[in-house]
Amino acid sequence: MTDGPLSLPARLCLLAWGSARPTAAGTGHPAVLVRAGALTELAQRGLLTDEDGIATPVDLDARTGDAVLDGLLELVHESCPHPWRTWVTLRARVTLDAVREQLVAGAYLRAEKKRVLGVFPSVDYALERVAAVDALREETRQALQGPPPVAETSWRDAALVALAAAADLLPERDVRAHEQRVEELTERAGGTAPGLRKIVREVRTAVAAESTASVLR
């Protein structure tokens with residue numbers, strides 16, 4: 001994928017920004033998607049594990065060096081135990097805000113300060129590196145459609161497609177035409193660490209449920 005150092009939640013945030021759906025403005029839907037990406041990456045790194053359905057830190061002193069991931073790891077550590085699906089939505093805006101700050105620092109987004117009703121301070125975010133997002137979307141399309149075999153797809157690319165498809169960020173016609181490949185990519189994303197397959201399925205289901213709920217609201 002373009003801009004390799006970017007984490008899975010950062011890539012999902014940018015992909016949402018590049019989507020035709022207006023999901024990047026800070027509503028609950030992109031926050032849930034970004035949180036799901038952060039949980040998946042922490043699990044893939046072996047820093048969160050599944051204990052009877054509960055998201056559990058493996059090492060209370062472990063850190064990734066990524067402010068977004070470390071912030072979520074600390075939040076899980078300091079909070080009451082919760083299952084994965086709860087963590088996908090619980091205070092998900094905290095992770096989204098952290099990702100956007102990270103993307104501003106990397107010059108992917110631009111922060112624009114404003115005042116609501118002329119009084120309350122607020123911040124709008126604008127896409128700065130359009131070409132990078134266009135490249136990300138194209139490479140996501142290639143991961144979805146092939147020709148590279150699923151087995152040669154990196155876990156992060158596979159997870160990106162699996163979660164983006166659950167969030168309806170990818171063209172519906174393409175997802176329908178490649179349903180089997182989406183399932184294989186989901187398996188690929190969950191097959192790189194012990195217990196990860198169950199976790200990927202859990203967070204992906206939560207993202208899909210939120211996506212459906214947002215349409216019905």
# chains A, B, ... in the order shown; residues from 1 in each chain; ligands from 1

$ residues_around --residues "Arg173 (chain A)" --least-positions-apart "4" --cutoff "12 Å" --atoms "only C-alpha atoms" --output "ChimeraX atom specification"
/A:141,144-145,165,168-169,177-179

$ residues_around --residues "region 91-106 of chain A" --least-positions-apart "2" --cutoff "9 Å" --atoms "only C-alpha atoms" --output "list in words"
Pro9, Ala10, Cys13, Leu14, Gly26, Thr27, Gly28, Pro30, Ala31, Val32, Leu33, Val34, Arg35, Ala36, Ala38, Ala67, Val68, Leu69, Gly71, Leu72, Trp87, Val88, Thr89, Tyr108, Leu109, Arg110, Ala111, Tyr125 and Glu128 of chain A

$ residues_around --residues "Ala209 (chain A)" --least-positions-apart "5" --cutoff "12 Å" --atoms "only C-alpha atoms" --output "list in words"
His29, Val32, Leu33, Arg85, Thr86, Val88, Thr89, Leu163, Ala166, Ala167, Asp168, Glu202, Val203, Arg204, Ser214, Val215 and Leu216 of chain A

$ decode --residues "region 86-126 of chain A" --atoms "N, CA and C atoms" --output "tab-separated table (two decimals), in the first residue's frame"
chain	number	residue	atom	x	y	z
A	86	THR	N	-18.07	-4.34	21.98
A	86	THR	CA	-18.28	-3.13	22.78
A	86	THR	C	-17.17	-2.13	22.54
A	87	TRP	N	-15.94	-2.62	22.46
A	87	TRP	CA	-14.81	-1.72	22.25
A	87	TRP	C	-14.82	-1.08	20.87
A	88	VAL	N	-15.48	-1.68	19.92
A	88	VAL	CA	-15.57	-1.08	18.58
A	88	VAL	C	-16.31	0.25	18.64
A	89	THR	N	-17.27	0.37	19.54
A	89	THR	CA	-18.08	1.59	19.61
A	89	THR	C	-17.82	2.45	20.84
A	90	LEU	N	-17.34	1.86	21.93
A	90	LEU	CA	-17.20	2.58	23.19
A	90	LEU	C	-16.13	3.68	23.09
A	91	ARG	N	-16.55	4.92	23.22
A	91	ARG	CA	-15.65	6.07	23.15
A	91	ARG	C	-14.78	6.03	21.90
A	92	ALA	N	-15.37	5.58	20.80
A	92	ALA	CA	-14.61	5.43	19.56
A	92	ALA	C	-14.14	6.77	19.02
A	93	ARG	N	-14.84	7.85	19.35
A	93	ARG	CA	-14.45	9.17	18.86
A	93	ARG	C	-13.05	9.55	19.36
A	94	VAL	N	-12.65	9.04	20.53
A	94	VAL	CA	-11.32	9.33	21.07
A	94	VAL	C	-10.24	8.85	20.09
A	95	THR	N	-10.42	7.66	19.56
A	95	THR	CA	-9.44	7.12	18.61
A	95	THR	C	-9.48	7.87	17.30
A	96	LEU	N	-10.66	8.23	16.82
A	96	LEU	CA	-10.77	9.00	15.58
A	96	LEU	C	-10.06	10.34	15.71
A	97	ASP	N	-10.28	11.04	16.82
A	97	ASP	CA	-9.63	12.33	17.03
A	97	ASP	C	-8.10	12.18	17.03
A	98	ALA	N	-7.62	11.12	17.67
A	98	ALA	CA	-6.17	10.89	17.73
A	98	ALA	C	-5.60	10.60	16.34
A	99	VAL	N	-6.32	9.84	15.54
A	99	VAL	CA	-5.88	9.53	14.19
A	99	VAL	C	-5.83	10.80	13.35
A	100	ARG	N	-6.85	11.64	13.47
A	100	ARG	CA	-6.87	12.87	12.68
A	100	ARG	C	-5.71	13.79	13.07
A	101	GLU	N	-5.40	13.87	14.36
A	101	GLU	CA	-4.24	14.65	14.78
A	101	GLU	C	-2.95	14.09	14.18
A	102	GLN	N	-2.86	12.79	14.13
A	102	GLN	CA	-1.69	12.12	13.55
A	102	GLN	C	-1.59	12.43	12.06
A	103	LEU	N	-2.71	12.42	11.37
A	103	LEU	CA	-2.72	12.69	9.93
A	103	LEU	C	-2.44	14.16	9.63
A	104	VAL	N	-2.83	15.06	10.53
A	104	VAL	CA	-2.48	16.47	10.38
A	104	VAL	C	-0.96	16.62	10.52
A	105	ALA	N	-0.39	15.95	11.51
A	105	ALA	CA	1.06	16.02	11.72
A	105	ALA	C	1.82	15.48	10.52
A	106	GLY	N	1.25	14.51	9.84
A	106	GLY	CA	1.88	13.93	8.66
A	106	GLY	C	1.53	14.64	7.37
A	107	ALA	N	0.79	15.75	7.50
A	107	ALA	CA	0.41	16.58	6.34
A	107	ALA	C	-0.55	15.87	5.38
A	108	TYR	N	-1.27	14.87	5.88
A	108	TYR	CA	-2.31	14.25	5.08
A	108	TYR	C	-3.61	15.06	5.17
A	109	LEU	N	-3.85	15.65	6.32
A	109	LEU	CA	-5.02	16.49	6.55
A	109	LEU	C	-4.56	17.88	6.97
A	110	ARG	N	-5.46	18.84	6.83
A	110	ARG	CA	-5.23	20.21	7.28
A	110	ARG	C	-6.31	20.58	8.29
A	111	ALA	N	-5.90	21.07	9.45
A	111	ALA	CA	-6.84	21.48	10.49
A	111	ALA	C	-7.20	22.95	10.28
A	112	GLU	N	-8.50	23.23	10.27
A	112	GLU	CA	-8.98	24.59	10.08
A	112	GLU	C	-9.86	24.97	11.27
A	113	LYS	N	-9.36	25.90	12.07
A	113	LYS	CA	-10.11	26.32	13.26
A	113	LYS	C	-11.27	27.23	12.87
A	114	LYS	N	-12.37	27.10	13.60
A	114	LYS	CA	-13.53	27.95	13.36
A	114	LYS	C	-14.30	28.11	14.67
A	115	ARG	N	-15.34	28.90	14.63
A	115	ARG	CA	-16.21	29.06	15.80
A	115	ARG	C	-17.65	28.79	15.40
A	116	VAL	N	-18.29	27.89	16.14
A	116	VAL	CA	-19.69	27.55	15.91
A	116	VAL	C	-20.55	28.63	16.52
A	117	LEU	N	-21.48	29.16	15.73
A	117	LEU	CA	-22.34	30.27	16.18
A	117	LEU	C	-21.52	31.49	16.59
A	118	GLY	N	-20.30	31.54	16.07
A	118	GLY	CA	-19.45	32.67	16.36
A	118	GLY	C	-18.87	32.67	17.76
A	119	VAL	N	-19.10	31.60	18.52
A	119	VAL	CA	-18.69	31.58	19.93
A	119	VAL	C	-17.85	30.36	20.26
A	120	PHE	N	-18.35	29.16	19.95
A	120	PHE	CA	-17.72	27.93	20.42
A	120	PHE	C	-16.61	27.49	19.45
A	121	PRO	N	-15.39	27.32	19.97
A	121	PRO	CA	-14.28	26.92	19.10
A	121	PRO	C	-14.47	25.49	18.59
A	122	SER	N	-14.12	25.28	17.35
A	122	SER	CA	-14.22	23.96	16.72
A	122	SER	C	-13.14	23.85	15.66
A	123	VAL	N	-12.97	22.64	15.14
A	123	VAL	CA	-11.96	22.39	14.12
A	123	VAL	C	-12.58	21.58	12.99
A	124	ASP	N	-12.38	22.05	11.78
A	124	ASP	CA	-12.72	21.28	10.59
A	124	ASP	C	-11.44	20.71	10.01
A	125	TYR	N	-11.56	19.58	9.34
A	125	TYR	CA	-10.40	18.95	8.72
A	125	TYR	C	-10.61	18.86	7.22
A	126	ALA	N	-9.58	19.21	6.48
A	126	ALA	CA	-9.63	19.15	5.02
A	126	ALA	C	-8.52	18.24	4.52
